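Read through the structure below, which is laid out as structure tokens, and then see the notes.
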Amino acid sequence: MKWISGFTAGLLFGMGLLLSGMANPEKVLGFLDLAGQWDPSLALVMVGAIGAALLPMTWARRHDVALLGDRIQLPTRRDIDRRLVGGSLVFGIGWGIAGVCPGPALVLLSGGYWQAWLFLLAMLAGMLLFNAVEAFRARRQPASTTSGR
């Protein structure tokens, strides 16, 4: 059942990206072009996504177990630190350069776009680099001061 619900959620997400045009890099870059012909449609999609998530997130905050039986694990940290800001900047710069973020990139893979493959390789390289930096940091810090962030 969990596999079916995950597959269905992913399929709906991908179809939503296609129908809204958010898998089209030009549409996303049009949203980011504040000085040119700005396209506000991505903002409308974001507002719709936030609205659609309000009810399930409210429910999740009040429960410990999801509908399919797994433990609900919501973020507990609320502080803004250098790592969060730095990661957000790197993500935003990559998004602005490529015109896609990970969800639309995966949708574009099925269409055979070489740019999506390049984006995927860059994303995987970033993940590997992050893991290498984290492993290096863990080796440098004494075990008692490691905080996980």
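FYI, nothing fancy with the structure tokens labels: chains A, B, ... in order, residues from 1 per chain, ligands from 1 as they appear.
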
Excluding Val100 of chain A and its own-chain neighbours fewer than 2 positions away, which residues fall within 9 Å of it when counting only C-alpha atoms? Please give them as a PyMOL selection string.
chain A and resi 22-25+28-29+94-98+102-105+116+119

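Across the model, the gap from atom CA of Leu106 of chain A to atom CA of Gly14 of chain A is 8.4 Å.
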
Residues of segment 46-137 of chain A in helix (DSSP H, G or I) according to DSSP, as a PyMOL selection string?
chain A and resi 46-61+82-98+102-109+114-137

Ranking A:Gly51, A:Gly21, A:Gly99, A:Gly6 by minimum distance to Leu68 of chain A and counting only C-alpha atoms, which one comes first?
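Nearest candidate to Leu68 of chain A out of A:Gly51, A:Gly21, A:Gly99, A:Gly6: A:Gly6.
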
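If you measure from each of A:Ala9, A:Met123, A:Leu55, A:Val65 to Phe91 of chain A using only C-alpha atoms, the closest one turns out to be A:Met123.
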
Atom-to-atom span, atom CA of Gly112 of chain A and atom CA of Glu26 of chain A, Å:
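Calculated distance between atom CA of Gly112 of chain A and atom CA of Glu26 of chain A is 16.8 Å.
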
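Taking atom CA of Leu108 of chain A and atom CA of Leu18 of chain A as endpoints, the distance between them is 9.2 Å.
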
So, counting only C-alpha atoms, which residue among A:Leu74, A:Leu84, A:Met46, A:Leu129 is closest to Trp59 of chain A?
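Comparing A:Leu74, A:Leu84, A:Met46, A:Leu129 against Trp59 of chain A, the winner is A:Leu74.
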